[in-house]
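Visitor: Hey, dropping my_file01.cif in here, mmCIF, C-alpha atoms:
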data_target
#
loop_
_atom_site.label_atom_id
_atom_site.label_comp_id
_atom_site.auth_asym_id
_atom_site.auth_seq_id
_atom_site.Cartn_x
_atom_site.Cartn_y
_atom_site.Cartn_z
CA MET C 210 -40.34 24.47 6.54
CA LEU C 211 -41.82 23.63 9.89
CA ALA C 212 -40.20 26.47 11.81
CA GLN C 213 -42.71 28.83 13.28
CA GLN C 214 -42.83 31.75 15.60
CA SER C 215 -45.59 32.11 18.16
CA PRO C 216 -46.33 34.68 20.85
CA CYS C 217 -45.19 33.63 24.30
CA PRO C 218 -48.24 32.25 26.13
CA SER C 219 -46.99 33.69 29.42
CA GLY C 220 -47.44 37.16 27.93
CA PHE C 221 -44.01 38.61 28.68
CA GLY C 222 -43.74 39.94 25.15
CA SER C 223 -41.02 37.43 24.33
CA VAL C 224 -41.20 34.95 21.48
CA ILE C 225 -40.88 31.21 21.47
CA ARG C 226 -39.21 29.72 18.44
CA ARG C 227 -40.22 26.18 17.58
CA LEU C 228 -38.96 23.59 15.11
CA SER C 229 -40.08 20.04 14.37
CA ILE C 230 -37.68 17.69 12.64
CA GLN C 231 -37.67 14.05 11.63
CA ASN C 232 -35.03 11.70 13.11
CA GLU C 233 -32.83 11.92 9.99
CA VAL C 234 -29.16 12.92 9.88
CA ALA C 235 -29.92 15.63 7.31
CA ALA C 236 -32.05 17.41 9.92
CA ILE C 237 -28.97 18.31 12.02
CA SER C 238 -27.93 21.01 9.50
CA GLU C 239 -31.52 22.28 9.48
CA VAL C 240 -31.34 22.69 13.27
CA SER C 241 -28.10 24.69 12.97
CA ARG C 242 -29.66 27.03 10.41
CA TRP C 243 -32.72 27.43 12.65
CA ILE C 244 -30.54 28.26 15.67
CA ALA C 245 -28.56 30.88 13.70
CA GLU C 246 -31.79 32.52 12.55
CA SER C 247 -33.45 32.26 16.00
CA GLY C 248 -30.34 33.56 17.75
CA ARG C 249 -30.48 36.70 15.59
CA ALA C 250 -34.18 37.16 16.35
CA LEU C 251 -33.67 36.69 20.09
CA GLY C 252 -30.57 38.91 20.33
CA PHE C 253 -28.01 36.20 21.10
CA SER C 254 -24.29 37.03 20.90
CA HIS C 255 -22.22 35.12 18.34
CA THR C 256 -20.65 33.16 21.23
CA LEU C 257 -24.00 32.15 22.68
CA THR C 258 -25.37 31.10 19.29
CA PHE C 259 -22.22 29.01 18.73
CA HIS C 260 -22.64 27.13 22.02
CA VAL C 261 -26.39 26.60 21.66
CA ASP C 262 -25.72 25.28 18.15
CA LEU C 263 -22.97 22.98 19.48
CA ALA C 264 -25.06 21.54 22.34
CA ALA C 265 -28.14 21.10 20.13
CA SER C 266 -26.18 19.50 17.28
CA GLU C 267 -24.58 16.99 19.65
CA ALA C 268 -27.83 16.16 21.47
CA ILE C 269 -29.77 15.68 18.25
CA ALA C 270 -27.00 13.66 16.60
CA ASN C 271 -27.12 11.28 19.59
CA THR C 272 -30.89 10.97 19.44
CA ILE C 273 -30.92 10.35 15.70
CA CYS C 274 -28.08 7.81 15.79
CA TYR C 275 -29.04 5.86 18.94
CA GLY C 276 -32.56 6.86 20.03
CA TYR C 277 -34.45 4.75 17.50
CA PRO C 278 -32.61 1.41 17.37
CA ASP C 279 -35.52 -0.32 15.58
CA GLY C 280 -35.19 2.15 12.71
CA SER C 281 -38.61 3.69 13.33
CA ARG C 282 -39.41 7.24 12.33
CA GLY C 283 -39.89 9.82 15.02
CA GLU C 284 -40.27 13.53 15.54
CA ILE C 285 -37.94 15.72 17.54
CA GLU C 286 -39.39 18.99 18.81
CA LEU C 287 -37.22 21.97 19.64
CA CYS C 288 -38.28 25.07 21.51
CA LEU C 289 -36.02 28.08 22.05
CA GLU C 290 -36.88 31.14 24.12
CA VAL C 291 -35.49 33.74 26.48
CA VAL C 292 -36.71 33.44 30.09
CA ASN C 293 -35.46 35.87 32.75
CA GLY C 294 -32.34 36.75 30.78
CA GLN C 295 -31.56 33.10 30.04
CA ALA C 296 -31.60 31.42 26.66
CA MET C 297 -33.54 28.19 27.16
CA LEU C 298 -33.56 25.36 24.65
CA GLU C 299 -35.84 22.37 25.12
CA ILE C 300 -35.37 19.26 22.99
CA GLU C 301 -38.07 16.61 23.16
CA ASP C 302 -37.90 13.26 21.40
CA SER C 303 -39.89 10.04 21.29
CA GLY C 304 -36.86 7.75 21.22
CA ILE C 305 -35.84 5.19 23.84
CA PRO C 306 -35.28 6.63 27.35
CA PHE C 307 -31.81 8.16 27.48
CA ASN C 308 -30.41 10.72 29.89
CA PRO C 309 -27.23 12.18 28.31
CA LEU C 310 -26.37 13.92 31.57
CA GLU C 311 -25.91 10.60 33.34
CA ALA C 312 -24.27 8.75 30.47
CA HIS C 313 -20.71 7.55 30.86
CA THR C 314 -18.06 9.46 28.93
CA PRO C 315 -14.53 8.14 28.55
CA PRO C 316 -11.95 9.92 30.72
CA THR C 317 -9.95 12.72 29.10
CA ALA C 318 -7.05 11.05 27.29
CA ARG C 319 -3.48 11.85 28.28
CA SER C 320 -1.99 10.89 24.94
CA LEU C 321 -3.06 10.64 21.32
CA GLU C 322 -2.39 6.89 21.39
CA GLU C 323 -4.82 6.23 24.25
CA ALA C 324 -7.49 8.71 23.07
CA GLN C 325 -10.79 6.99 22.37
CA ILE C 326 -12.91 7.92 19.39
CA GLY C 327 -16.38 8.55 20.78
CA GLY C 328 -18.20 9.92 23.81
CA LEU C 329 -17.13 13.46 22.91
CA GLY C 330 -20.58 14.72 22.00
CA ILE C 331 -22.03 14.19 25.46
CA ARG C 332 -19.03 15.89 27.05
CA LEU C 333 -19.51 18.90 24.74
CA ILE C 334 -23.22 19.21 25.66
CA ARG C 335 -22.42 19.27 29.37
CA ARG C 336 -19.53 21.69 29.00
CA SER C 337 -20.99 24.17 26.50
CA MET C 338 -24.18 24.98 28.41
CA PRO C 339 -24.09 26.12 32.06
CA MET C 340 -27.54 24.67 32.81
CA CYS C 341 -28.47 21.13 31.73
CA ASN C 342 -31.52 19.20 32.93
CA TYR C 343 -33.17 16.01 31.78
CA GLU C 344 -36.75 14.84 32.33
CA TRP C 345 -38.73 11.80 31.23
CA ARG C 346 -42.04 13.51 30.46
CA ASN C 347 -45.17 11.75 29.14
CA GLY C 348 -43.11 8.99 27.58
CA HIS C 349 -40.65 11.39 25.94
CA ASN C 350 -37.04 12.41 26.60
CA VAL C 351 -36.84 16.12 27.39
CA LEU C 352 -33.44 17.80 27.54
CA ILE C 353 -33.45 21.38 28.84
CA LEU C 354 -30.35 23.48 28.22
CA GLY C 355 -29.88 27.02 29.46
CA SER C 356 -27.33 29.80 29.36
CA PRO C 357 -27.46 33.49 30.38
CA LEU C 358 -27.68 35.97 27.50
CA LYS C 359 -24.87 37.99 29.05
CA GLY C 360 -21.72 36.93 30.88
CA PHE C 361 -21.74 33.58 29.16
CA GLU C 362 -17.94 33.27 28.99
CA GLU C 363 -17.66 33.62 32.78
CA THR C 364 -20.33 31.03 33.53
CA LEU C 365 -18.82 28.56 31.09
CA THR C 366 -15.93 27.80 33.44
CA LEU C 367 -18.35 27.36 36.36
CA ALA C 368 -20.28 24.81 34.34
CA GLU C 369 -17.17 22.71 34.15
CA THR C 370 -17.98 19.91 36.57
CA GLU C 371 -16.12 17.00 35.07
CA THR C 372 -12.64 16.32 36.28
CA GLY C 373 -11.94 13.83 33.51
CA MET E 1010 -16.35 22.35 3.70
CA LYS E 1011 -13.31 23.04 1.59
CA MET E 1012 -9.76 21.83 2.01
CA PHE E 1013 -6.61 23.26 0.44
CA THR E 1014 -3.10 21.86 0.69
CA ASP E 1015 0.22 23.60 0.19
CA LYS E 1016 3.56 21.79 0.23
CA ILE E 1017 5.81 24.15 2.16
CA ASP E 1018 8.83 21.87 2.51
CA SER E 1019 9.94 18.43 1.32
CA ASN E 1020 7.95 16.66 4.04
CA VAL E 1021 5.87 19.53 5.53
CA THR E 1022 2.36 20.14 4.21
CA LEU E 1023 0.01 22.93 5.20
CA ILE E 1024 -3.64 21.88 5.18
CA LYS E 1025 -6.19 24.65 5.32
CA LEU E 1026 -9.72 23.68 6.35
CA ILE E 1027 -12.56 26.08 5.61
CA GLY E 1028 -16.20 26.00 6.66
CA ARG E 1029 -18.40 24.37 9.28
CA MET E 1030 -16.85 21.15 10.59
CA ASP E 1031 -20.19 19.59 11.47
CA ILE E 1032 -21.71 16.31 10.33
CA GLN E 1033 -22.09 17.56 6.75
CA GLY E 1034 -18.73 19.37 6.62
CA ALA E 1035 -16.75 16.46 8.07
CA GLU E 1036 -18.29 14.13 5.52
CA GLU E 1037 -17.25 16.48 2.70
CA ILE E 1038 -13.55 16.50 3.63
CA ASP E 1039 -13.00 13.17 5.44
CA ILE E 1040 -11.72 11.15 2.46
CA LYS E 1041 -9.50 13.97 1.16
CA PHE E 1042 -8.17 14.71 4.65
CA SER E 1043 -7.20 11.11 5.42
CA GLY E 1044 -5.93 10.54 1.86
CA THR E 1045 -3.63 13.58 1.88
CA THR E 1046 -2.08 12.54 5.18
CA ALA E 1047 -1.57 8.88 4.24
CA VAL E 1048 2.21 9.08 3.74
CA ASN E 1049 5.13 7.90 5.86
CA ASN E 1050 7.02 10.44 8.01
CA GLY E 1051 4.77 13.29 6.87
CA ILE E 1052 4.51 16.51 8.86
CA PHE E 1053 1.17 18.33 8.64
CA ILE E 1054 0.19 21.76 9.90
CA VAL E 1055 -3.61 22.01 9.90
CA ASP E 1056 -4.74 25.64 9.70
CA LEU E 1057 -8.14 26.03 11.38
CA SER E 1058 -8.54 29.80 10.91
CA GLY E 1059 -11.29 29.24 8.35
CA VAL E 1060 -13.22 26.76 10.51
CA GLU E 1061 -16.23 28.64 11.86
CA PHE E 1062 -17.86 25.75 13.75
CA LEU E 1063 -16.51 22.50 15.18
CA ALA E 1064 -18.69 19.63 16.44
CA SER E 1065 -17.63 16.25 17.85
CA ILE E 1066 -17.83 14.67 14.39
CA GLY E 1067 -15.19 17.16 13.19
CA ILE E 1068 -13.01 16.44 16.22
CA ARG E 1069 -13.35 12.75 15.45
CA SER E 1070 -12.06 13.44 11.93
CA ILE E 1071 -9.02 15.34 13.30
CA LEU E 1072 -8.38 12.66 15.93
CA VAL E 1073 -8.58 9.72 13.49
CA THR E 1074 -6.26 11.53 11.04
CA ALA E 1075 -3.76 12.50 13.77
CA LYS E 1076 -3.65 8.91 15.07
CA ALA E 1077 -2.98 7.60 11.55
CA VAL E 1078 -0.23 10.18 10.95
CA VAL E 1079 1.52 9.29 14.21
CA ALA E 1080 1.22 5.57 13.40
CA ARG E 1081 3.12 6.36 10.17
CA LYS E 1082 5.88 8.06 12.19
CA GLY E 1083 4.67 11.48 11.17
CA GLN E 1084 3.48 14.56 13.02
CA LEU E 1085 0.26 16.59 12.93
CA VAL E 1086 -0.29 19.93 14.64
CA LEU E 1087 -3.15 22.43 14.58
CA CYS E 1088 -2.85 26.20 14.24
CA SER E 1089 -4.83 29.43 14.22
CA PRO E 1090 -8.20 28.28 15.61
CA THR E 1091 -10.71 31.05 16.32
CA PRO E 1092 -11.29 31.55 20.07
CA LEU E 1093 -14.59 29.62 19.90
CA VAL E 1094 -13.06 26.67 18.04
CA ALA E 1095 -10.07 26.73 20.44
CA GLY E 1096 -12.64 26.51 23.26
CA VAL E 1097 -14.20 23.38 21.73
CA LEU E 1098 -10.76 21.75 21.37
CA GLU E 1099 -10.16 22.56 25.03
CA MET E 1100 -13.57 21.25 26.20
CA ALA E 1101 -13.02 18.02 24.27
CA GLY E 1102 -9.55 17.58 25.78
CA ILE E 1103 -7.91 17.66 22.32
CA SER E 1104 -5.50 20.50 23.03
CA ALA E 1105 -3.88 18.24 25.64
CA ILE E 1106 -3.04 15.53 23.12
CA ILE E 1107 -2.58 17.32 19.77
CA PRO E 1108 -0.39 20.45 19.76
CA VAL E 1109 -2.39 23.62 19.02
CA PHE E 1110 -0.56 26.84 18.09
CA ASP E 1111 -1.96 30.37 17.96
CA ASN E 1112 -0.51 31.00 14.51
CA PHE E 1113 1.25 29.35 11.58
CA GLU E 1114 4.69 30.80 12.43
CA ASP E 1115 4.66 29.24 15.92
CA ALA E 1116 3.57 25.89 14.49
CA ARG E 1117 6.29 26.08 11.82
CA SER E 1118 9.07 26.82 14.31
CA ALA E 1119 7.88 24.14 16.77
CA ILE E 1120 8.11 21.59 13.97
CA THR E 1121 11.55 22.79 12.91
CA LEU E 1122 12.78 22.50 16.49
CA SER E 1123 11.49 18.99 17.08
#
Could you quickly redo this structure as structure tokens?
Guide:
Amino acid sequence: MLAQQSPCPSGFGSVIRRLSIQNEVAAISEVSRWIAESGRALGFSHTLTFHVDLAASEAIANTICYGYPDGSRGEIELCLEVVNGQAMLEIEDSGIPFNPLEAHTPPTARSLEEAQIGGLGIRLIRRSMPMCNYEWRNGHNVLILGSPLKGFEETLTLAETETG
Amino acid sequence: MKMFTDKIDSNVTLIKLIGRMDIQGAEEIDIKFSGTTAVNNGIFIVDLSGVEFLASIGIRSILVTAKAVVARKGQLVLCSPTPLVAGVLEMAGISAIIPVFDNFEDARSAITLS
């Protein structure tokens, strides 16, 4: 178990939860368990934990499936903390450069017949977390996702930026 | 994940899905889900009340199955999602293309009427 808890270096008395995983499909379930456990420790509501789990699962599934096209092994680092009343999740990977926030997603289908299978994960990341940022930092992809601890349901609709 | 089926009429089957519909859960039910629905003119009510988490891989499973059912001149509807799962169906745009009902009774009467 690579999960660990360390005191926040900024000294606000908060905790930073960290997890390192390998780029293997089996690690996605490990991330979900870690988020459930971390959410309890950080005082997340059930709704917030659900959406952090959803966004993280989708982001990591993308990285694992497409981020290492040569089949190489890589580490994905996750860091979860509360900063100024916001839950902040940072996901850093060593895969090929990929910004999920700029990636194309198919338009929302109008009928079952025309619905495309795929592209849903990226849409769910963008829509489940009110704050999404991407950085290319020291040769790594860094996805930063944030959501307020309280009033999450209200901000969710504001985060809706796609018109499909 | 677990999946239970209950034949409630000659061509109407209730499918109850239980558990986390994530990458692991979807894999556990995929074959059974598509196998159960592989009949002509079948009508399926998929009860989601026991689904505690739904990721895109689970939506993919529902979408692939619903497309196959419609191609066989059948019908597939969803019912009783928890508010969080209903939110995911909404975010993914699924509730616009597959009927979603608040409860089993509403799903049952909508099918009878159609």
Visitor: Glu1036 (chain E): which residues within 9 Å, counting all atoms listed in the file, same-chain residues fewer than 5 positions away excluded, as number ranges by chain?
Guide: E: 1010, 1030-1031, 1066-1067, 1070
Visitor: Now that the selection is made, can you save its residues with C-alpha atoms as a PDB file, in the frame of the given file?
Guide:
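The result, stored in part.pdb:
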ATOM      1  CA  MET E1010     -16.350  22.350   3.700  1.00  0.00           C
ATOM      2  CA  MET E1030     -16.850  21.150  10.590  1.00  0.00           C
ATOM      3  CA  ASP E1031     -20.190  19.590  11.470  1.00  0.00           C
ATOM      4  CA  ILE E1066     -17.830  14.670  14.390  1.00  0.00           C
ATOM      5  CA  GLY E1067     -15.190  17.160  13.190  1.00  0.00           C
ATOM      6  CA  SER E1070     -12.060  13.440  11.930  1.00  0.00           C
TER       7      SER E1070
END
Visitor: Could the residues of chain C that have an atom at most 6 Å from chain E be listed as CSV, each with its closest atom pair and the distance in Å to one decimal, counting all atoms listed in the file and ordered by chain and ascending residue number?
Guide:
residue,atom,partner,partner_atom,distance
C:Thr317,CA,E:Gly1102,CA,5.9
C:Ser320,CA,E:Ile1106,CA,5.1
C:Leu321,CA,E:Ile1106,CA,5.2
C:Leu329,CA,E:Ser1065,CA,5.8
C:Gly330,CA,E:Ser1065,CA,5.3
Visitor: From the list E:Leu1023, E:Ile1017, E:Ala1095, E:Ala1119, which residue is nearest Phe1053 (chain E) when using only C-alpha atoms?
Guide: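 The answer is E:Leu1023, which sits nearest to Phe1053 (chain E).
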Visitor: What's the 12 Å shell around Asn1020 (chain E), counting all atoms listed in the file, without same-chain residues fewer than 6 positions away, as a PyMOL selection string?
Guide: chain E and resi 1046+1048-1054+1083-1085+1120-1121
Visitor: For Ala1047 (chain E), list every protein, DNA or RNA residue within 9 Å, evaluated using only C-alpha atoms, and leave out those in the same chain fewer than 2 positions away; present the list as a PyMOL selection string.
Guide: chain E and resi 1042-1045+1049+1051+1074+1077-1078+1081
Visitor: Write a file of the just-selected residues containing C-alpha atoms, as a compact mmCIF listing (two decimals), in the frame of the given file.
Guide:
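Printed below is part.txt as written:
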# COMPACT_ATOMS: atom_id res chain seq x y z
CA PHE E 1042 -8.17 14.71 4.65
CA SER E 1043 -7.20 11.11 5.42
CA GLY E 1044 -5.93 10.54 1.86
CA THR E 1045 -3.63 13.58 1.88
CA ASN E 1049 5.13 7.90 5.86
CA GLY E 1051 4.77 13.29 6.87
CA THR E 1074 -6.26 11.53 11.04
CA ALA E 1077 -2.98 7.60 11.55
CA VAL E 1078 -0.23 10.18 10.95
CA ARG E 1081 3.12 6.36 10.17
Visitor: Can you work out the spacing between CA of Leu354 (chain C) and CA of Ala270 (chain C) in Å, to one decimal?
Guide: 15.6 Å
Visitor: Given the PyMOL selection byres ((chain C and resi 261-269) around 7) and the file above, list the residues it selects as a count of residues only.
Guide: 17
Visitor: Which residues match the PyMOL selection byres ((chain C and resi 352) around 10) in the file above, as a list in words?
Guide: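 Checked against the file, the PyMOL selection byres ((chain C and resi 352) around 10) matches Ala265, Ala268, Leu287, Leu298, Glu299, Ile300, Glu301, Asp302, Phe307, Asn308, Pro309, Leu310, Cys341, Asn342, Tyr343, Glu344, Trp345, His349, Asn350, Val351, Ile353 and Leu354 of chain C.
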Visitor: Using only C-alpha atoms, which protein or nucleic acid residues come within 10 Å of Cys274 (chain C)? Drop anything in the same chain fewer than 6 positions from it, and give the result as a VMD selection string.
Guide: chain C and resid 232 to 234 280
Visitor: Report as a list in words the residues that result from applying the PyMOL selection byres ((chain C and resi 247) around 10) to the structure here.
Guide: Ala212, Gln214, Val224, Ile225, Arg226, Arg227, Ser241, Arg242, Trp243, Ile244, Ala245, Glu246, Gly248, Arg249, Ala250, Leu251, Gly252, Phe253, Thr258, Leu289 and Glu290 of chain C
Visitor: What does the distance between CA of Gly348 (chain C) and CA of Gln231 (chain C) come to in Å, to one decimal place?
Guide: 17.6 Å
Visitor: Any idea what's packed within 8 Å of Pro1090 (chain E), counting all atoms listed in the file, ignoring anything in its chain fewer than 6 positions away? Could you give it as a list of chain:residue names?
Guide: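 Residues meeting the cut-off are E:Asp1056, E:Leu1057, E:Ser1058, E:Gly1059, E:Val1060, E:Asp1111.
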Visitor: Please, what distance in Å, to one decimal, runs between CA of Pro278 (chain C) and CA of Ile230 (chain C)?
Guide: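 Those two atoms sit 17.7 Å apart.
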Visitor: For a quick check of understanding, using all atoms listed in the file, which of C:Ser356, C:Ala235, C:Ile285, C:Arg346 has the smallest distance to Pro306 (chain C)?
Guide: C:Arg346
Visitor: E:Ala1035, E:Glu1099, E:Thr1091, E:Val1086: which is nearest Asp1115 (chain E), counting all atoms listed in the file?
Guide: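 Counting all atoms listed in the file, the residue closest to Asp1115 (chain E) is E:Val1086.
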